[in-house]
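To start, the structure under review is shown below, and the notes come after it.
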Amino acid sequence: MANLRFFLQRYSGLPLCLAYAATIAAFLWVFAQFYLPGQGFTFLIMFGQKEHSRYIPQLRAVNHYELENSTGYDAQYYAQIAMQPRLTDPALNEGVDNLAYRARRILFCWTASGMALGNSARAMHIYAVQNIVCWLMLAGLLLYWFPVTNWGNFARWFGVLSCYGLCFSVRGSLVDGPSLLLIAAGLALAQSRRPWWSAVVLGVSGLAKETNLLAGAALAPPSSNTWRAWLTVIGRGLIIVLPLLLWLSVLRCWLGGIGGAGSRNFAAPLSAFAVKWHDTLVQLHTAWPQKLANPNVLKAMLSDENVMSMAVLISLTVQFLFFVLRPSWRDPWWRVAAAYSVLMIFLGDAVWEGYPGATSRVLLPMTLAFNILVPRGWK
């Protein structure tokens, strides 16, 4: 009995460590299935067969996977910029939809091109796996807030890493997952009393995605009663916004514009959110009798796109209400979440529509903040 008690005390944390390790192993195993001999991980980029004739020559010259009868998805444009970072190349204007808009998010095109040392085929393959590497780095960084000490931390850590928005970012080689890594790194620096370095990281993140600048709210001081404090705020704010402003100026000179924000990306407050709720409820109500009649009702429900859309809607609504009803201005993560909550209010139909919509990716920082700030304990 004494030996058993000693064993339980000494190795009580082993199952918890195994849970963290198993999550990493499961992730690697799942995404290893996307590897195709001769084509690498290009399946993740989602090149569209219908767009083949428009692609830049460097892409058409290398072996890659294309989705049949598809126009592809966003990563195919960023991958081409990574392969040919010289934006004035006429072939890019043909192969990339709205080049000025895509080029605003240049950071991870540059990193892929830089690591490839100018080799376009290698840049494509590096771009395809950047999300996988960033997911692993994020898994390590999140231990700053969710250390391997209890199952509650594991649940939050696992919830962030397995949420739909982050997983789809990896699945589609999109910029949202790597952006979350940069934002988390910036907040870790801020909470480690390195606000100037935090401003640098957040400023660089703006070159990955414009909305990343909202995370700069973390560096807003709880109170600014002196002129010195205000000068500090202004200085850090300039560091955050200057990289993107300078890059937009370059794009205007090179391409004659910076691209639009998208006419349907923003809308009147909560209007698109209400439409999404209405459409999802109507579609669920229409399909419900058929689902219940299915012999395998649980499988039918879990595979239903409307059920998954409802799950995402409920999740984001709960997060939004949490931050609205529990203000905590002194907490940097709450300030970040508040900024993204305001963004959520104005998101348009283009972001909400579809299965289950892009909102789960756009609002990833809000999801991370929620898992960090929800009070500990089983209740």
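Letters A, B, ... go to the chains of the structure tokens in the order shown; residues in each chain start at 1; ligands are counted from 1 in the same order.
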Secondary structure check, alpha helix (DSSP H) residues of region 130-257 of chain A, as an NGL selection string
:A and (130-141 or 151-161 or 164-171 or 176-191 or 195-205 or 227-255)
Could you list, as a ChimeraX atom specification, every residue within 9 Å of Leu107 (chain A), counting only C-alpha atoms and ignoring same-chain residues fewer than 6 positions away?
/A:204-209
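For the set A:Phe370, A:Trp352, A:Tyr20, A:Tyr340, the residue with the smallest atom-to-atom gap to Phe154 (chain A) is A:Tyr20, counting only C-alpha atoms.
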Cut-off 8 Å: closest region 112-218 of chain A/region 35-42 of chain A atom pairs per residue, using only C-alpha atoms, as JSON lines:
{"residue": "A:Met124", "atom": "CA", "partner": "A:Thr42", "partner_atom": "CA", "distance": 7.7}
{"residue": "A:His125", "atom": "CA", "partner": "A:Thr42", "partner_atom": "CA", "distance": 6.6}
{"residue": "A:Ala128", "atom": "CA", "partner": "A:Thr42", "partner_atom": "CA", "distance": 5.9}
{"residue": "A:Val129", "atom": "CA", "partner": "A:Phe41", "partner_atom": "CA", "distance": 6.8}
Env of region 188-199 of chain A: 10 Å cut, atoms = only C-alpha atoms, seq-sep filter 5 positions within chain, self excluded. Answer as a ChimeraX atom specification.
/A:141-142,144-145,182-183,204-205,213,215-216,218-219,232,235-241,331-333
Could you check which of A:Pro243, A:Gly140, A:Gly114, A:Gly152 is closest to Ile24 (chain A), using only C-alpha atoms?
A:Gly140
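Of the residues under consideration (A:Ser113, A:Val133, A:Leu28, A:Trp151), A:Trp151 shows the shortest atom-to-atom contact distance to Arg376 (chain A) when counting only C-alpha atoms.
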Which residue is closest to Gly354 (chain A)? Choose from A:Thr280, A:Asn212, A:Ser249, A:Ser53 and count only C-alpha atoms.
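Looking only at the distances to Gly354 (chain A), the closest residue turns out to be A:Thr280.
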Excluding Ala100 (chain A) and residues on its chain fewer than 2 positions from it, collect all residues at most 8 Å away from it, counting only C-alpha atoms, and give them as a PyMOL selection string.
chain A and resi 98+102-104+251+255+257-259
A straight line from CA of Ala369 (chain A) to CA of Ala220 (chain A) spans 16.1 Å
Can you pull out the residues contacting Leu368 (chain A)? Cut-off 12 Å, using only C-alpha atoms, and skip same-chain residues under 5 positions away; I want them as JSON, numbers by chain.
{"A": [138, 142, 145, 146, 156, 157, 158, 159, 160, 161, 162, 163, 165, 166, 177, 180, 181, 183, 184, 187, 215, 316, 319, 333, 334, 336, 337, 340, 360, 361, 362, 363, 373, 374]}
The selected residues should be written to file as an mmCIF file, in the first residue's frame (atoms: N, CA and C atoms).
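Dumped everything to out.cif:
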data_model
loop_
_atom_site.group_PDB
_atom_site.id
_atom_site.type_symbol
_atom_site.label_atom_id
_atom_site.label_comp_id
_atom_site.auth_asym_id
_atom_site.auth_seq_id
_atom_site.Cartn_x
_atom_site.Cartn_y
_atom_site.Cartn_z
ATOM 1 N N LEU A 138 2.825 27.908 -31.349
ATOM 2 C CA LEU A 138 1.751 28.436 -30.502
ATOM 3 C C LEU A 138 1.452 27.481 -29.355
ATOM 4 N N LEU A 142 1.572 28.890 -25.586
ATOM 5 C CA LEU A 142 0.376 28.915 -24.735
ATOM 6 C C LEU A 142 0.624 28.331 -23.353
ATOM 7 N N TRP A 145 0.463 30.678 -20.379
ATOM 8 C CA TRP A 145 -0.815 30.942 -19.673
ATOM 9 C C TRP A 145 -1.460 29.651 -19.175
ATOM 10 N N PHE A 146 -1.150 28.511 -19.840
ATOM 11 C CA PHE A 146 -1.772 27.236 -19.467
ATOM 12 C C PHE A 146 -0.688 26.198 -19.159
ATOM 13 N N ARG A 156 -8.296 24.388 -21.491
ATOM 14 C CA ARG A 156 -8.216 25.687 -22.164
ATOM 15 C C ARG A 156 -7.188 25.634 -23.305
ATOM 16 N N TRP A 157 -6.028 25.043 -23.010
ATOM 17 C CA TRP A 157 -4.973 24.897 -24.016
ATOM 18 C C TRP A 157 -5.479 24.102 -25.213
ATOM 19 N N PHE A 158 -6.114 22.980 -24.926
ATOM 20 C CA PHE A 158 -6.647 22.121 -25.983
ATOM 21 C C PHE A 158 -7.769 22.832 -26.746
ATOM 22 N N GLY A 159 -8.618 23.573 -26.017
ATOM 23 C CA GLY A 159 -9.730 24.269 -26.660
ATOM 24 C C GLY A 159 -9.274 25.294 -27.674
ATOM 25 N N VAL A 160 -8.209 26.024 -27.350
ATOM 26 C CA VAL A 160 -7.684 27.022 -28.287
ATOM 27 C C VAL A 160 -7.081 26.339 -29.507
ATOM 28 N N LEU A 161 -6.255 25.331 -29.274
ATOM 29 C CA LEU A 161 -5.521 24.694 -30.371
ATOM 30 C C LEU A 161 -6.413 23.869 -31.282
ATOM 31 N N SER A 162 -7.552 23.405 -30.778
ATOM 32 C CA SER A 162 -8.429 22.560 -31.586
ATOM 33 C C SER A 162 -9.667 23.296 -32.069
ATOM 34 N N CYS A 163 -9.766 24.603 -31.826
ATOM 35 C CA CYS A 163 -10.958 25.326 -32.258
ATOM 36 C C CYS A 163 -11.008 25.390 -33.783
ATOM 37 N N GLY A 165 -11.549 27.718 -36.017
ATOM 38 C CA GLY A 165 -10.853 28.778 -36.731
ATOM 39 C C GLY A 165 -9.375 28.486 -36.903
ATOM 40 N N LEU A 166 -8.721 28.002 -35.852
ATOM 41 C CA LEU A 166 -7.288 27.720 -35.930
ATOM 42 C C LEU A 166 -7.022 26.495 -36.795
ATOM 43 N N GLY A 177 -3.857 31.701 -38.336
ATOM 44 C CA GLY A 177 -3.127 30.983 -37.300
ATOM 45 C C GLY A 177 -1.780 31.610 -36.981
ATOM 46 N N LEU A 180 -2.244 34.721 -35.008
ATOM 47 C CA LEU A 180 -2.531 34.502 -33.588
ATOM 48 C C LEU A 180 -1.240 34.249 -32.821
ATOM 49 N N LEU A 181 -0.293 33.551 -33.437
ATOM 50 C CA LEU A 181 1.001 33.320 -32.796
ATOM 51 C C LEU A 181 1.702 34.640 -32.508
ATOM 52 N N ILE A 183 0.340 37.642 -32.195
ATOM 53 C CA ILE A 183 -0.404 38.384 -31.176
ATOM 54 C C ILE A 183 -0.126 37.816 -29.787
ATOM 55 N N ALA A 184 -0.131 36.486 -29.681
ATOM 56 C CA ALA A 184 0.169 35.861 -28.381
ATOM 57 C C ALA A 184 1.592 36.203 -27.934
ATOM 58 N N LEU A 187 1.585 39.751 -26.630
ATOM 59 C CA LEU A 187 0.976 39.854 -25.296
ATOM 60 C C LEU A 187 1.863 39.240 -24.226
ATOM 61 N N ALA A 215 -4.775 44.306 -31.630
ATOM 62 C CA ALA A 215 -4.139 43.787 -30.418
ATOM 63 C C ALA A 215 -3.293 44.838 -29.726
ATOM 64 N N LEU A 316 -19.151 31.996 -30.240
ATOM 65 C CA LEU A 316 -18.763 33.399 -30.393
ATOM 66 C C LEU A 316 -19.706 34.330 -29.626
ATOM 67 N N GLN A 319 -18.718 34.199 -25.959
ATOM 68 C CA GLN A 319 -17.486 34.950 -25.744
ATOM 69 C C GLN A 319 -17.762 36.456 -25.755
ATOM 70 N N TRP A 333 -5.471 41.432 -21.853
ATOM 71 C CA TRP A 333 -6.214 40.507 -22.701
ATOM 72 C C TRP A 333 -7.666 40.942 -22.846
ATOM 73 N N TRP A 334 -8.238 41.518 -21.785
ATOM 74 C CA TRP A 334 -9.616 42.020 -21.915
ATOM 75 C C TRP A 334 -9.665 43.162 -22.925
ATOM 76 N N VAL A 336 -7.738 43.606 -25.506
ATOM 77 C CA VAL A 336 -7.664 43.001 -26.844
ATOM 78 C C VAL A 336 -9.018 42.419 -27.234
ATOM 79 N N ALA A 337 -9.624 41.666 -26.320
ATOM 80 C CA ALA A 337 -10.923 41.060 -26.599
ATOM 81 C C ALA A 337 -11.983 42.118 -26.859
ATOM 82 N N TYR A 340 -11.671 43.312 -30.409
ATOM 83 C CA TYR A 340 -12.209 42.340 -31.364
ATOM 84 C C TYR A 340 -13.716 42.176 -31.218
ATOM 85 N N SER A 360 -14.891 32.634 -37.213
ATOM 86 C CA SER A 360 -14.122 31.890 -36.216
ATOM 87 C C SER A 360 -12.623 32.089 -36.412
ATOM 88 N N ARG A 361 -12.200 32.406 -37.645
ATOM 89 C CA ARG A 361 -10.788 32.711 -37.906
ATOM 90 C C ARG A 361 -10.471 34.168 -37.595
ATOM 91 N N VAL A 362 -11.365 35.056 -38.024
ATOM 92 C CA VAL A 362 -11.146 36.485 -37.823
ATOM 93 C C VAL A 362 -11.080 36.829 -36.339
ATOM 94 N N LEU A 363 -11.870 36.136 -35.521
ATOM 95 C CA LEU A 363 -11.986 36.458 -34.092
ATOM 96 C C LEU A 363 -11.169 35.515 -33.203
ATOM 97 N N LEU A 373 -9.152 34.303 -19.718
ATOM 98 C CA LEU A 373 -9.801 35.127 -18.710
ATOM 99 C C LEU A 373 -10.961 34.480 -17.974
ATOM 100 N N VAL A 374 -11.559 33.432 -18.567
ATOM 101 C CA VAL A 374 -12.653 32.772 -17.842
ATOM 102 C C VAL A 374 -12.127 32.274 -16.509
#
May I ask for the distance between CA of Ile81 (chain A) and CA of Cys109 (chain A), given in Å to one decimal place?
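Computed distance, CA of Ile81 (chain A) to CA of Cys109 (chain A), equals 6.1 Å.
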Can you tell me, as a list in words, what residues are no more than 7 Å from Tyr127 (chain A) when counting only C-alpha atoms, ignoring any on the same chain fewer than 3 positions away?
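My reading of the contact set: Ala79, Ala112, Ala123, Met124 and Gln130 of chain A.
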Using only C-alpha atoms for the distances, tell me which of A:Trp329, A:Met344, A:Ala338, A:Leu16 is nearest to Ala155 (chain A).
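Closest to Ala155 (chain A), using only C-alpha atoms: A:Leu16.
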List as a VMD selection string the protein and nucleic acid residues near Glu68 (chain A), meaning an atom at most 9 Å away when only C-alpha atoms are counted, but skip any in the same chain fewer than 2 places from it.
chain A and resid 48 to 50 66 70 to 71
Write the residues of the preceding selection, restricted to N, CA, C and O atoms, as a PDB file, in the first residue's frame.
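File out_22.pdb, as written:
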ATOM      1  N   GLY A  48      -6.995  25.897 -57.171  1.00  0.00           N
ATOM      2  CA  GLY A  48      -8.193  25.507 -57.904  1.00  0.00           C
ATOM      3  C   GLY A  48      -7.889  25.172 -59.350  1.00  0.00           C
ATOM      4  O   GLY A  48      -7.209  25.934 -60.047  1.00  0.00           O
ATOM      5  N   GLN A  49      -8.399  24.051 -59.804  1.00  0.00           N
ATOM      6  CA  GLN A  49      -8.161  23.621 -61.183  1.00  0.00           C
ATOM      7  C   GLN A  49      -8.680  24.634 -62.196  1.00  0.00           C
ATOM      8  O   GLN A  49      -8.073  24.843 -63.250  1.00  0.00           O
ATOM      9  N   LYS A  50      -9.776  25.301 -61.869  1.00  0.00           N
ATOM     10  CA  LYS A  50     -10.354  26.272 -62.795  1.00  0.00           C
ATOM     11  C   LYS A  50      -9.489  27.513 -62.953  1.00  0.00           C
ATOM     12  O   LYS A  50      -9.676  28.281 -63.899  1.00  0.00           O
ATOM     13  N   GLU A  66      -4.130  20.359 -57.343  1.00  0.00           N
ATOM     14  CA  GLU A  66      -5.211  21.288 -57.634  1.00  0.00           C
ATOM     15  C   GLU A  66      -6.549  20.596 -57.396  1.00  0.00           C
ATOM     16  O   GLU A  66      -6.754  19.449 -57.824  1.00  0.00           O
ATOM     17  N   SER A  70     -12.758  23.363 -59.166  1.00  0.00           N
ATOM     18  CA  SER A  70     -12.799  24.339 -58.079  1.00  0.00           C
ATOM     19  C   SER A  70     -12.045  25.592 -58.482  1.00  0.00           C
ATOM     20  O   SER A  70     -11.099  25.544 -59.275  1.00  0.00           O
ATOM     21  N   THR A  71     -12.475  26.720 -57.913  1.00  0.00           N
ATOM     22  CA  THR A  71     -11.747  27.974 -58.111  1.00  0.00           C
ATOM     23  C   THR A  71     -10.705  28.192 -57.023  1.00  0.00           C
ATOM     24  O   THR A  71     -10.012  29.213 -57.024  1.00  0.00           O
TER      25      THR A  71
END
Of the residues A:Ser341, A:Tyr73, A:Pro178, A:Tyr164, which is the one nearest to Thr111 (chain A), using only C-alpha atoms?
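Once distances to Thr111 (chain A) are computed over only C-alpha atoms, the minimum belongs to A:Pro178.
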